[in-house]
file final-v1.tsv (TSV, C-alpha atoms)
chain	number	residue	atom	x	y	z
A	1	MET	CA	-126.73	-29.60	101.44
A	2	GLU	CA	-130.26	-28.64	102.47
A	3	ILE	CA	-131.51	-28.58	106.04
A	4	SER	CA	-134.98	-27.14	106.49
A	5	LEU	CA	-135.29	-24.46	109.18
A	6	GLU	CA	-139.07	-24.43	108.98
A	7	ASP	CA	-140.76	-25.13	112.30
A	8	THR	CA	-144.34	-26.33	111.93
A	9	THR	CA	-144.89	-26.76	115.68
A	10	GLY	CA	-143.80	-23.28	116.74
A	11	GLY	CA	-140.75	-24.54	118.65
A	12	SER	CA	-137.10	-25.04	117.78
A	13	PRO	CA	-136.28	-27.83	115.31
A	14	PRO	CA	-135.07	-30.89	117.26
A	15	ASN	CA	-131.43	-31.98	116.89
A	16	LEU	CA	-130.65	-29.40	114.20
A	17	GLU	CA	-127.04	-29.03	115.29
A	18	TYR	CA	-126.58	-32.81	115.23
A	19	GLN	CA	-128.17	-33.08	111.78
A	20	ALA	CA	-125.88	-30.40	110.37
A	21	ALA	CA	-122.75	-32.04	111.80
A	22	HIS	CA	-123.83	-35.43	110.50
A	23	GLN	CA	-124.45	-34.07	107.00
A	24	ALA	CA	-121.12	-32.22	107.01
A	25	PHE	CA	-119.32	-35.44	107.93
A	26	LYS	CA	-121.08	-37.33	105.13
A	27	ASP	CA	-120.18	-34.62	102.63
A	28	ARG	CA	-116.52	-34.61	103.69
A	29	TRP	CA	-116.29	-38.44	103.48
A	30	LYS	CA	-117.90	-38.41	100.02
A	31	GLU	CA	-115.50	-35.69	98.85
A	32	THR	CA	-112.53	-37.63	100.23
A	33	ASP	CA	-113.56	-40.75	98.31
A	34	GLU	CA	-114.09	-38.86	95.06
A	35	THR	CA	-110.79	-37.01	95.15
A	36	MET	CA	-108.66	-39.87	96.50
A	37	CYS	CA	-107.57	-40.94	93.04
A	38	ARG	CA	-106.37	-37.43	92.16
A	39	HIS	CA	-104.70	-36.19	95.34
A	40	SER	CA	-102.32	-38.31	97.41
A	41	MET	CA	-103.04	-36.23	100.52
A	42	SER	CA	-106.69	-37.22	100.25
A	43	PHE	CA	-105.62	-40.86	100.20
A	44	HIS	CA	-103.72	-40.42	103.48
A	45	LEU	CA	-106.65	-38.52	105.00
A	46	HIS	CA	-108.95	-41.31	103.87
A	47	HIS	CA	-106.57	-43.83	105.51
A	48	ALA	CA	-106.50	-41.88	108.78
A	49	VAL	CA	-110.29	-41.51	108.96
A	50	ARG	CA	-110.83	-45.19	108.25
A	51	SER	CA	-108.22	-46.20	110.85
A	52	GLU	CA	-110.19	-44.26	113.48
A	53	PHE	CA	-113.38	-45.88	112.21
A	54	PHE	CA	-111.85	-49.35	112.63
A	55	ALA	CA	-111.01	-48.62	116.26
A	56	SER	CA	-114.67	-47.80	116.93
A	57	TYR	CA	-115.86	-50.69	114.78
A	58	LEU	CA	-113.74	-53.29	116.60
A	59	TYR	CA	-114.94	-51.89	119.94
A	60	LEU	CA	-118.55	-52.44	118.84
A	61	LEU	CA	-117.70	-55.91	117.57
A	62	GLU	CA	-116.30	-56.78	120.99
A	63	LYS	CA	-118.96	-55.07	123.11
A	64	THR	CA	-122.04	-55.91	121.02
A	65	PRO	CA	-121.81	-59.61	120.09
A	66	VAL	CA	-125.57	-59.73	119.46
A	67	VAL	CA	-125.01	-57.65	116.31
A	68	LYS	CA	-123.36	-59.92	113.75
A	69	LEU	CA	-121.02	-57.45	112.10
A	70	PHE	CA	-118.81	-58.43	109.17
A	71	PRO	CA	-115.24	-57.05	109.05
A	72	ILE	CA	-115.25	-54.58	106.20
A	73	THR	CA	-111.60	-53.47	105.88
A	74	CYS	CA	-111.59	-52.21	102.27
A	75	GLU	CA	-114.80	-53.91	101.19
A	76	TYR	CA	-116.87	-50.89	100.29
A	77	ILE	CA	-114.49	-48.00	99.83
A	78	LYS	CA	-115.62	-46.14	96.78
A	79	GLY	CA	-111.96	-46.30	95.73
A	80	GLU	CA	-111.90	-50.12	95.54
A	81	LYS	CA	-110.54	-49.90	91.99
A	82	GLN	CA	-107.86	-47.55	93.29
A	83	PHE	CA	-106.95	-50.11	95.98
A	84	TYR	CA	-106.19	-52.67	93.26
A	85	TYR	CA	-104.68	-50.14	90.86
A	86	ARG	CA	-102.10	-49.03	93.43
A	87	ALA	CA	-101.01	-52.63	94.01
A	88	GLN	CA	-100.64	-53.19	90.26
A	89	GLN	CA	-98.54	-50.03	89.92
A	90	PHE	CA	-96.38	-51.00	92.89
A	91	TYR	CA	-95.48	-54.44	91.53
A	92	GLU	CA	-94.76	-53.16	88.03
A	93	ASP	CA	-91.65	-51.55	89.51
A	94	ILE	CA	-90.58	-54.63	91.51
A	95	PRO	CA	-87.76	-56.64	89.89
A	96	ALA	CA	-88.36	-60.32	89.07
A	97	SER	CA	-85.88	-61.65	91.64
A	98	GLU	CA	-85.78	-63.06	95.16
A	99	GLU	CA	-84.75	-59.60	96.35
A	100	GLY	CA	-87.86	-58.20	94.72
A	101	MET	CA	-90.08	-60.83	96.33
A	102	LEU	CA	-88.71	-60.33	99.85
A	103	GLY	CA	-87.80	-56.65	99.77
A	104	ASP	CA	-85.56	-55.61	102.65
A	105	PHE	CA	-85.87	-58.99	104.36
A	106	LEU	CA	-83.98	-61.31	102.02
A	107	GLU	CA	-82.42	-63.02	105.04
A	108	ILE	CA	-85.75	-64.54	106.10
A	109	GLY	CA	-86.10	-66.52	102.86
A	110	ASN	CA	-84.74	-69.87	104.03
A	111	VAL	CA	-86.49	-69.69	107.42
A	112	ASP	CA	-89.76	-68.95	105.65
A	113	LEU	CA	-89.42	-71.87	103.23
A	114	GLU	CA	-88.51	-74.33	105.99
A	115	GLY	CA	-91.48	-73.25	108.09
A	116	SER	CA	-93.74	-73.74	105.08
A	117	ARG	CA	-92.30	-77.19	104.31
A	118	GLN	CA	-92.86	-78.39	107.86
A	119	PHE	CA	-96.43	-77.06	107.93
A	120	LEU	CA	-97.25	-78.64	104.57
A	121	LYS	CA	-96.07	-82.06	105.77
A	122	ARG	CA	-98.92	-82.16	108.26
A	123	PHE	CA	-101.54	-82.27	105.51
A	124	VAL	CA	-100.00	-84.33	102.69
A	125	GLY	CA	-99.60	-88.11	102.54
A	126	PRO	CA	-101.57	-91.33	103.02
A	127	GLY	CA	-105.10	-90.56	104.14
A	128	LYS	CA	-104.49	-86.85	103.63
A	129	ALA	CA	-104.06	-84.63	100.58
A	130	GLY	CA	-102.49	-86.25	97.52
A	131	THR	CA	-99.31	-85.15	95.75
A	132	HIS	CA	-100.50	-84.98	92.15
A	133	CYS	CA	-101.09	-81.26	91.54
A	134	ALA	CA	-100.82	-77.98	93.45
A	135	LEU	CA	-101.71	-74.37	92.64
A	136	ASP	CA	-99.52	-71.48	93.81
A	137	CYS	CA	-101.61	-68.27	94.01
A	138	GLY	CA	-99.81	-64.94	93.98
A	139	CYS	CA	-96.73	-66.96	93.10
A	140	GLY	CA	-94.44	-64.12	91.99
A	141	ILE	CA	-91.34	-65.67	90.40
A	142	GLY	CA	-92.09	-69.04	92.00
A	143	ARG	CA	-90.00	-68.83	95.18
A	144	VAL	CA	-92.49	-70.98	97.15
A	145	SER	CA	-93.18	-73.22	94.16
A	146	LYS	CA	-89.48	-73.98	93.81
A	147	GLY	CA	-88.63	-74.31	97.50
A	148	VAL	CA	-91.77	-75.90	98.96
A	149	LEU	CA	-94.23	-77.28	96.41
A	150	LEU	CA	-92.26	-78.71	93.48
A	151	PRO	CA	-90.27	-81.08	95.72
A	152	VAL	CA	-93.61	-82.61	96.82
A	153	PHE	CA	-96.02	-82.46	93.87
A	154	GLU	CA	-95.79	-84.17	90.48
A	155	LYS	CA	-97.00	-81.09	88.65
A	156	MET	CA	-98.11	-77.56	89.38
A	157	GLU	CA	-99.92	-74.51	88.16
A	158	MET	CA	-99.02	-70.92	89.04
A	159	ALA	CA	-101.10	-67.73	89.17
A	160	ASP	CA	-99.96	-64.13	89.44
A	161	MET	CA	-101.14	-60.77	88.11
A	162	MET	CA	-97.66	-59.73	86.94
A	163	GLU	CA	-96.60	-61.15	83.59
A	164	HIS	CA	-92.90	-60.35	84.05
A	165	PHE	CA	-92.83	-62.48	87.23
A	166	LEU	CA	-94.32	-65.47	85.41
A	167	LEU	CA	-91.99	-65.08	82.43
A	168	HIS	CA	-88.94	-65.00	84.70
A	169	ALA	CA	-90.20	-68.07	86.57
A	170	HIS	CA	-90.61	-70.05	83.33
A	171	GLU	CA	-87.53	-68.87	81.47
A	172	GLU	CA	-84.96	-68.73	84.26
A	173	TYR	CA	-85.86	-69.13	87.91
A	174	LEU	CA	-87.44	-72.59	87.93
A	175	GLY	CA	-84.84	-74.15	85.63
A	176	ASP	CA	-85.70	-77.68	84.49
A	177	ASP	CA	-88.64	-77.79	86.91
A	178	ALA	CA	-90.45	-75.35	84.64
A	179	ASP	CA	-91.39	-78.38	82.51
A	180	ARG	CA	-93.61	-79.55	85.38
A	181	ILE	CA	-95.67	-76.36	85.40
A	182	GLU	CA	-98.82	-77.18	83.46
A	183	THR	CA	-100.28	-73.69	83.27
A	184	TYR	CA	-99.31	-70.12	84.12
A	185	TYR	CA	-102.36	-67.96	84.87
A	186	CYS	CA	-101.78	-64.21	84.53
A	187	PHE	CA	-104.81	-62.98	86.50
A	188	ASN	CA	-105.78	-60.81	89.42
A	189	LEU	CA	-107.14	-63.24	92.00
A	190	GLN	CA	-110.36	-61.26	92.42
A	191	GLU	CA	-111.05	-62.15	88.76
A	192	PHE	CA	-109.60	-65.67	88.73
A	193	THR	CA	-111.63	-68.87	88.88
A	194	PRO	CA	-109.42	-71.97	89.20
A	195	PRO	CA	-110.51	-75.20	87.46
A	196	LYS	CA	-112.81	-77.34	89.58
A	197	ASN	CA	-111.80	-80.55	91.39
A	198	LYS	CA	-108.16	-80.31	90.30
A	199	TYR	CA	-105.78	-79.48	93.14
A	200	ASP	CA	-104.52	-81.38	96.15
A	201	VAL	CA	-103.16	-78.18	97.66
A	202	ILE	CA	-103.80	-74.52	96.91
A	203	TRP	CA	-101.12	-72.28	98.40
A	204	MET	CA	-101.70	-68.56	99.03
A	205	GLN	CA	-98.75	-66.63	100.46
A	206	TRP	CA	-98.56	-62.86	100.93
A	207	VAL	CA	-101.45	-62.34	98.52
A	208	ALA	CA	-104.63	-62.43	100.65
A	209	CYS	CA	-103.55	-59.02	101.93
A	210	HIS	CA	-104.10	-57.62	98.44
A	211	LEU	CA	-107.78	-58.61	98.36
A	212	THR	CA	-110.73	-56.85	99.96
A	213	ASP	CA	-112.75	-58.93	102.43
A	214	LYS	CA	-115.50	-59.49	99.90
A	215	ASP	CA	-113.10	-60.58	97.15
A	216	LEU	CA	-111.03	-62.75	99.48
A	217	MET	CA	-114.13	-64.54	100.75
A	218	ASN	CA	-115.40	-65.12	97.21
A	219	PHE	CA	-112.01	-66.34	96.01
A	220	LEU	CA	-111.77	-68.82	98.88
A	221	MET	CA	-115.23	-70.10	97.96
A	222	ARG	CA	-114.05	-70.68	94.39
A	223	CYS	CA	-110.88	-72.38	95.64
A	224	LYS	CA	-112.94	-74.76	97.75
A	225	LYS	CA	-114.62	-76.01	94.58
A	226	SER	CA	-111.19	-76.52	92.99
A	227	LEU	CA	-109.95	-79.00	95.58
A	228	CYS	CA	-109.67	-82.74	95.07
A	229	PRO	CA	-111.00	-85.04	97.84
A	230	ASN	CA	-108.91	-84.45	101.00
A	231	GLY	CA	-107.45	-81.33	99.37
A	232	VAL	CA	-106.45	-78.32	101.49
A	233	ILE	CA	-105.95	-74.60	101.08
A	234	ILE	CA	-103.00	-73.12	102.92
A	235	LEU	CA	-102.92	-69.36	103.48
A	236	LYS	CA	-99.77	-67.71	104.79
A	237	ASP	CA	-99.74	-63.98	105.38
A	238	ASN	CA	-98.96	-61.03	107.61
A	239	MET	CA	-101.47	-60.72	110.44
A	240	ALA	CA	-101.94	-57.41	112.23
A	241	ARG	CA	-101.32	-57.44	115.97
A	242	GLN	CA	-104.61	-55.60	116.45
A	243	GLY	CA	-107.48	-54.78	114.12
A	244	CYS	CA	-106.46	-54.07	110.54
A	245	LYS	CA	-103.52	-52.18	109.09
A	246	LEU	CA	-103.62	-50.61	105.64
A	247	ASP	CA	-100.33	-50.05	103.81
A	248	PRO	CA	-100.94	-47.32	101.20
A	249	ILE	CA	-97.58	-47.97	99.52
A	250	ASP	CA	-98.22	-51.47	98.17
A	251	SER	CA	-101.99	-51.23	98.79
A	252	SER	CA	-102.25	-54.19	101.16
A	253	ILE	CA	-104.45	-54.79	104.18
A	254	SER	CA	-103.15	-56.86	107.09
A	255	ARG	CA	-105.87	-58.34	109.27
A	256	HIS	CA	-105.80	-59.68	112.80
A	257	LEU	CA	-105.81	-63.48	112.85
A	258	ASP	CA	-109.34	-63.57	114.29
A	259	ILE	CA	-110.66	-61.42	111.44
A	260	MET	CA	-108.95	-63.67	108.89
A	261	LYS	CA	-110.49	-66.77	110.48
A	262	CYS	CA	-113.89	-65.06	110.37
A	263	ILE	CA	-113.52	-64.57	106.60
A	264	VAL	CA	-112.44	-68.20	106.17
A	265	THR	CA	-115.51	-69.39	108.08
A	266	LYS	CA	-117.83	-67.15	106.07
A	267	ALA	CA	-116.38	-68.70	102.90
A	268	GLY	CA	-117.71	-72.06	104.11
A	269	LEU	CA	-114.30	-73.50	104.97
A	270	GLU	CA	-113.18	-75.39	108.05
A	271	VAL	CA	-109.97	-74.32	109.76
A	272	LEU	CA	-107.76	-77.39	110.23
A	273	ALA	CA	-104.73	-75.80	111.86
A	274	VAL	CA	-103.17	-72.44	112.63
A	275	GLU	CA	-99.46	-71.94	113.22
A	276	LYS	CA	-97.24	-68.91	113.65
A	277	GLN	CA	-94.09	-68.68	111.55
A	278	GLU	CA	-91.16	-68.65	113.96
A	279	GLY	CA	-87.68	-67.26	113.47
A	280	PHE	CA	-88.58	-63.90	111.91
A	281	PRO	CA	-87.17	-60.63	113.32
A	282	GLU	CA	-89.45	-58.83	115.78
A	283	ILE	CA	-89.59	-55.83	113.47
A	284	ILE	CA	-91.61	-57.88	110.99
A	285	MET	CA	-95.36	-58.11	111.40
A	286	PRO	CA	-96.37	-61.59	112.67
A	287	VAL	CA	-96.84	-64.16	109.91
A	288	TRP	CA	-99.35	-66.97	110.41
A	289	MET	CA	-100.25	-70.08	108.42
A	290	ILE	CA	-103.83	-71.32	108.20
A	291	ALA	CA	-104.79	-74.70	106.74
A	292	MET	CA	-108.42	-75.12	105.72
A	293	LYS	CA	-110.70	-77.37	103.72
call {"tool": "encode", "arguments": {"input": "final-v1.tsv", "output": "structure tokens"}}
result
Amino acid sequence: MEISLEDTTGGSPPNLEYQAAHQAFKDRWKETDETMCRHSMSFHLHHAVRSEFFASYLYLLEKTPVVKLFPITCEYIKGEKQFYYRAQQFYEDIPASEEGMLGDFLEIGNVDLEGSRQFLKRFVGPGKAGTHCALDCGCGIGRVSKGVLLPVFEKMEMADMMEHFLLHAHEEYLGDDADRIETYYCFNLQEFTPPKNKYDVIWMQWVACHLTDKDLMNFLMRCKKSLCPNGVIILKDNMARQGCKLDPIDSSISRHLDIMKCIVTKAGLEVLAVEKQEGFPEIIMPVWMIAMK
């Protein structure tokens, strides 16, 4: 770090103390980013610093509407690859089972599926989305495919980054309905481009939280091109009660509903309906469903 002490005017250099503090902060942030992958404590420090930054950022967003700020969550952390790597590592240890998909909240499974079925009904049928083909993104073992989508659609496709989830879905979990799955895509969604003009419904549940803002926006833009006429995208996910909440364990980012709707709008999509999932324990972060086209 170099700060010149030379004074060409004969007086004291202006704002020298401020400049030094600013440079020290930049150096510390840079060092935190570079060492995050090697030291877990640095990751938690990085999380804490960014959480404080979000509080200031959201204040500015509220108080300075003239400045069109874009929610950045994880968009430009130098450790973006680490953000995705941690999620991959986390799910490699998750068993291919309903218990693995729902963790400590297996009891919410039926309530979740029923809420999804009722929400889906609003957008499928005569004059609405067709029932020919659906895509389940971040499908896991196919819990939503089996309980919500396959009873409605003639055929389906499924996408998930974990091969052992897809294998279990095809070989065991879906049973005879596996014959109606046209394609299994083993991809990270930030790298996945669905076929164009193919799907009546694209379902995304508990997977948007594993994408940075930039990648989520771009994926939604690609999904829009994949819809048939009258097709809809349905996103169902945890929504933070305030701001954004980063979980360093499974490397997920939960956004406030307003931030999520901002990303949807920036992707060029129209929000058709928003509904909160009811019947979940209070201990669970609120889960919302968003339909868009």
call {"tool": "residues_near_point", "arguments": {"input": "final-v1.tsv", "point": "(-100.9, -51.9, 104.2)", "cutoff": "12 Å", "atoms": "only C-alpha atoms", "output": "VMD selection string"}}
result
chain A and resid 44 47 51 73 to 74 83 86 to 87 206 to 212 238 to 240 244 to 255 285
call {"tool": "closest_residue", "arguments": {"input": "final-v1.tsv", "among": "A:Met161, A:Leu113, A:Cys133, A:Leu174", "to": "Phe90 in chain A", "atoms": "all atoms listed in the file"}}
result
A:Met161
call {"tool": "residues_around", "arguments": {"input": "final-v1.tsv", "residues": "Leu106 in chain A", "least_positions_apart": "5", "cutoff": "12 Å", "atoms": "only C-alpha atoms", "output": "PyMOL selection string"}}
result
chain A and resi 97-101+111-113+143+280-281
call {"tool": "axis_aligned_box", "arguments": {"input": "final-v1.tsv", "around": "range 166-178 of chain A", "padding_each_side": "4 Å", "output": "AutoDock Vina command-line options"}}
result
--center_x -89.6 --center_y -71.4 --center_z 84.7 --size_x 17.5 --size_y 20.8 --size_z 14.5
call {"tool": "atom_distance", "arguments": {"input": "final-v1.tsv", "atom1": "CA of Gly140 in chain A", "atom2": "CA of Tyr91 in chain A"}}
result
9.7 Å
call {"tool": "closest_residue", "arguments": {"input": "final-v1.tsv", "among": "A:Val264, A:Cys186, A:Leu220, A:Ile181", "to": "Ala159 in chain A", "atoms": "all atoms listed in the file"}}
result
A:Cys186
call {"tool": "atom_distance", "arguments": {"input": "final-v1.tsv", "atom1": "CA of Asn188 in chain A", "atom2": "CA of Met158 in chain A"}}
result
12.2 Å
call {"tool": "atom_distance", "arguments": {"input": "final-v1.tsv", "atom1": "CA of Thr131 in chain A", "atom2": "CA of Met156 in chain A"}}
result
10.0 Å
call {"tool": "closest_residue", "arguments": {"input": "final-v1.tsv", "among": "A:Phe119, A:Phe192, A:Tyr184, A:Trp288", "to": "His168 in chain A", "atoms": "all atoms listed in the file"}}
result
A:Tyr184
call {"tool": "residues_around", "arguments": {"input": "final-v1.tsv", "residues": "Leu149 in chain A", "least_positions_apart": "3", "cutoff": "12 Å", "atoms": "all atoms listed in the file", "output": "PyMOL selection string"}}
result
chain A and resi 113-114+116-121+124+131-137+139+142-146+152-158+174+177+180-181+200-204+234
call {"tool": "residues_around", "arguments": {"input": "final-v1.tsv", "residues": "Pro195 in chain A", "least_positions_apart": "2", "cutoff": "10 Å", "atoms": "only C-alpha atoms", "output": "list in words"}}
result
Phe192, Thr193, Asn197, Lys198, Tyr199, Arg222, Cys223, Lys225, Ser226 and Leu227 of chain A
call {"tool": "residues_around", "arguments": {"input": "final-v1.tsv", "residues": "Lys266 in chain A", "least_positions_apart": "2", "cutoff": "10 Å", "atoms": "all atoms listed in the file", "output": "list in words"}}
result
Phe70, Met217, Asn218, Leu220, Met221, Met260, Lys261, Cys262, Ile263, Val264, Gly268, Leu269 and Glu270 of chain A
call {"tool": "closest_residue", "arguments": {"input": "final-v1.tsv", "among": "A:Glu163, A:Pro151, A:Thr265, A:His256", "to": "Pro95 in chain A", "atoms": "only C-alpha atoms"}}
result
A:Glu163
call {"tool": "closest_residue", "arguments": {"input": "final-v1.tsv", "among": "A:Tyr185, A:Leu150, A:Lys128, A:Arg122", "to": "Ala273 in chain A", "atoms": "all atoms listed in the file"}}
result
A:Arg122
call {"tool": "closest_residue", "arguments": {"input": "final-v1.tsv", "among": "A:Met292, A:Ile283, A:Leu216, A:Ala178", "to": "Val232 in chain A", "atoms": "only C-alpha atoms"}}
result
A:Met292
